[in-house]
$ cat structure-v5.cif   # mmCIF, C-alpha atoms and all ligand atoms
data_target
#
loop_
_atom_site.group_PDB
_atom_site.id
_atom_site.type_symbol
_atom_site.label_atom_id
_atom_site.label_comp_id
_atom_site.auth_asym_id
_atom_site.auth_seq_id
_atom_site.Cartn_x
_atom_site.Cartn_y
_atom_site.Cartn_z
ATOM 1 C CA MET Q 1 -8.174 41.044 2.432
ATOM 2 C CA GLN Q 2 -4.860 41.365 0.679
ATOM 3 C CA ASN Q 3 -2.189 44.060 0.999
ATOM 4 C CA ILE Q 4 0.167 44.980 -1.800
ATOM 5 C CA THR Q 5 2.599 47.818 -2.384
ATOM 6 C CA LEU Q 6 3.175 48.950 -5.957
ATOM 7 C CA LYS Q 7 5.911 51.200 -7.288
ATOM 8 C CA VAL Q 8 4.316 53.927 -9.398
ATOM 9 C CA GLU Q 9 6.109 56.474 -11.577
ATOM 10 C CA GLY Q 10 4.740 59.911 -12.397
ATOM 11 C CA MET Q 11 3.069 60.922 -9.142
ATOM 12 C CA SER Q 12 4.349 64.305 -8.015
ATOM 13 C CA CYS Q 13 1.742 66.247 -6.048
ATOM 14 C CA ASN Q 14 -1.472 66.080 -4.075
ATOM 15 C CA HIS Q 15 -3.500 66.046 -7.265
ATOM 16 C CA CYS Q 16 -1.777 62.802 -8.236
ATOM 17 C CA VAL Q 17 -2.384 61.386 -4.773
ATOM 18 C CA ASN Q 18 -6.082 62.213 -4.994
ATOM 19 C CA SER Q 19 -6.369 60.807 -8.536
ATOM 20 C CA VAL Q 20 -4.833 57.471 -7.598
ATOM 21 C CA GLU Q 21 -6.494 57.102 -4.208
ATOM 22 C CA GLY Q 22 -9.849 58.265 -5.597
ATOM 23 C CA ALA Q 23 -9.817 55.915 -8.591
ATOM 24 C CA LEU Q 24 -8.928 52.943 -6.398
ATOM 25 C CA SER Q 25 -11.571 53.916 -3.871
ATOM 26 C CA LYS Q 26 -14.184 53.845 -6.663
ATOM 27 C CA ILE Q 27 -13.411 50.215 -7.424
ATOM 28 C CA GLY Q 28 -13.488 49.319 -3.734
ATOM 29 C CA ALA Q 29 -9.797 49.297 -2.841
ATOM 30 C CA ALA Q 30 -8.284 51.284 0.021
ATOM 31 C CA ALA Q 31 -5.117 53.005 -1.184
ATOM 32 C CA LYS Q 32 -2.443 55.115 0.457
ATOM 33 C CA VAL Q 33 0.055 56.934 -1.732
ATOM 34 C CA ASP Q 34 3.550 57.689 -0.462
ATOM 35 C CA LEU Q 35 5.053 60.332 -2.740
ATOM 36 C CA GLY Q 36 8.468 60.066 -1.075
ATOM 37 C CA SER Q 37 8.950 56.430 -2.020
ATOM 38 C CA LYS Q 38 6.743 56.656 -5.144
ATOM 39 C CA SER Q 39 4.644 53.804 -3.920
ATOM 40 C CA VAL Q 40 1.000 52.966 -3.393
ATOM 41 C CA ALA Q 41 -0.100 50.652 -0.613
ATOM 42 C CA VAL Q 42 -3.373 48.980 -1.524
ATOM 43 C CA THR Q 43 -5.711 46.889 0.593
ATOM 44 C CA PHE Q 44 -8.365 44.994 -1.324
ATOM 45 C CA ASP Q 45 -10.647 41.975 -1.294
ATOM 46 C CA GLU Q 46 -8.914 39.397 -3.479
ATOM 47 C CA ASN Q 47 -12.286 37.740 -4.138
ATOM 48 C CA LYS Q 48 -13.532 40.899 -5.847
ATOM 49 C CA LEU Q 49 -10.447 42.520 -7.342
ATOM 50 C CA SER Q 50 -7.235 41.330 -8.940
ATOM 51 C CA VAL Q 51 -3.797 42.911 -8.825
ATOM 52 C CA GLU Q 52 -4.108 43.329 -12.589
ATOM 53 C CA THR Q 53 -7.291 45.385 -12.195
ATOM 54 C CA ILE Q 54 -5.585 47.589 -9.623
ATOM 55 C CA LYS Q 55 -2.599 48.165 -11.901
ATOM 56 C CA GLU Q 56 -4.899 49.016 -14.811
ATOM 57 C CA THR Q 57 -6.848 51.458 -12.662
ATOM 58 C CA ILE Q 58 -3.655 53.309 -11.725
ATOM 59 C CA GLU Q 59 -2.451 53.333 -15.324
ATOM 60 C CA ASP Q 60 -5.835 54.637 -16.507
ATOM 61 C CA GLN Q 61 -5.105 57.722 -14.381
ATOM 62 C CA GLY Q 62 -1.941 58.310 -16.393
ATOM 63 C CA TYR Q 63 0.723 56.801 -14.127
ATOM 64 C CA ASP Q 64 3.092 53.918 -14.730
ATOM 65 C CA VAL Q 65 3.185 50.907 -12.462
ATOM 66 C CA VAL Q 66 6.771 49.646 -12.544
HETATM 67 CU CU CU Q 101 0.291 65.733 -9.388
#
$ encode --input "structure-v5.cif" --output "structure tokens" --more "lines below"
Ligand SMILES: [Cu+2]
Amino acid sequence: MQNITLKVEGMSCNHCVNSVEGALSKIGAAAKVDLGSKSVAVTFDENKLSVETIKETIEDQGYDVV
């Protein structure tokens, strides 16, 4: 398993948290959003998912990975 922390712009409330965490959960990644630091900690299996896929999944929800 691999752990990464991404900076994400645009998340402002619990709806955003649920959108990001839910979308990542659907592709098999465990995510924890921290609104205070505008970051998302993601744990995933690097044999099944790439960082690029995770970034795209977050951006598909309407947020910007910076
Ligand atoms: Cu929101």
$ resolve_selection --input "structure-v5.cif" --expression "the PyMOL selection byres (((not hetatm)) within 7 of (chain Q and resi 101))" --output "PyMOL selection string"
chain Q and resi 11-17
$ atom_distance --input "structure-v5.cif" --atom1 "atom CA of Gln2 of chain Q" --atom2 "atom CA of Ser25 of chain Q"
14.9 Å
$ atom_distance --input "structure-v5.cif" --atom1 "atom CA of Ile58 of chain Q" --atom2 "atom CA of Ala23 of chain Q"
7.4 Å
$ resolve_selection --input "structure-v5.cif" --expression "the PyMOL selection byres (((chain Q and resi 46-51) around 10) and not hetatm)" --output "list in words"
Met1, Gln2, Asn3, Ile4, Leu6, Ile27, Gly28, Ala29, Val42, Thr43, Phe44, Asp45, Glu52, Thr53, Ile54, Lys55, Glu56 and Thr57 of chain Q
$ closest_residue --input "structure-v5.cif" --among "Q:Val20, Q:Ala30, Q:Ser39, Q:Gly62" --to "Thr5 of chain Q" --atoms "all atoms listed in the file"
Q:Ser39
$ closest_residue --input "structure-v5.cif" --among "Q:Val8, Q:Asp60, Q:Ser19, Q:Val66" --to "Ser37 of chain Q" --atoms "all atoms listed in the file"
Q:Val8
$ atom_distance --input "structure-v5.cif" --atom1 "atom CA of Glu59 of chain Q" --atom2 "atom CA of Leu35 of chain Q"
16.2 Å
$ resolve_selection --input "structure-v5.cif" --expression "the PyMOL selection byres (((chain Q and resi 32) around 8) and not hetatm)" --output "PDB file with C-alpha atoms, in the coordinates of the input"
ATOM      1  CA  GLU Q  21      -6.494  57.102  -4.208  1.00  0.00           C
ATOM      2  CA  ALA Q  30      -8.284  51.284   0.021  1.00  0.00           C
ATOM      3  CA  ALA Q  31      -5.117  53.005  -1.184  1.00  0.00           C
ATOM      4  CA  VAL Q  33       0.055  56.934  -1.732  1.00  0.00           C
ATOM      5  CA  ASP Q  34       3.550  57.689  -0.462  1.00  0.00           C
ATOM      6  CA  VAL Q  40       1.000  52.966  -3.393  1.00  0.00           C
ATOM      7  CA  ALA Q  41      -0.100  50.652  -0.613  1.00  0.00           C
ATOM      8  CA  VAL Q  42      -3.373  48.980  -1.524  1.00  0.00           C
TER       9      VAL Q  42
END
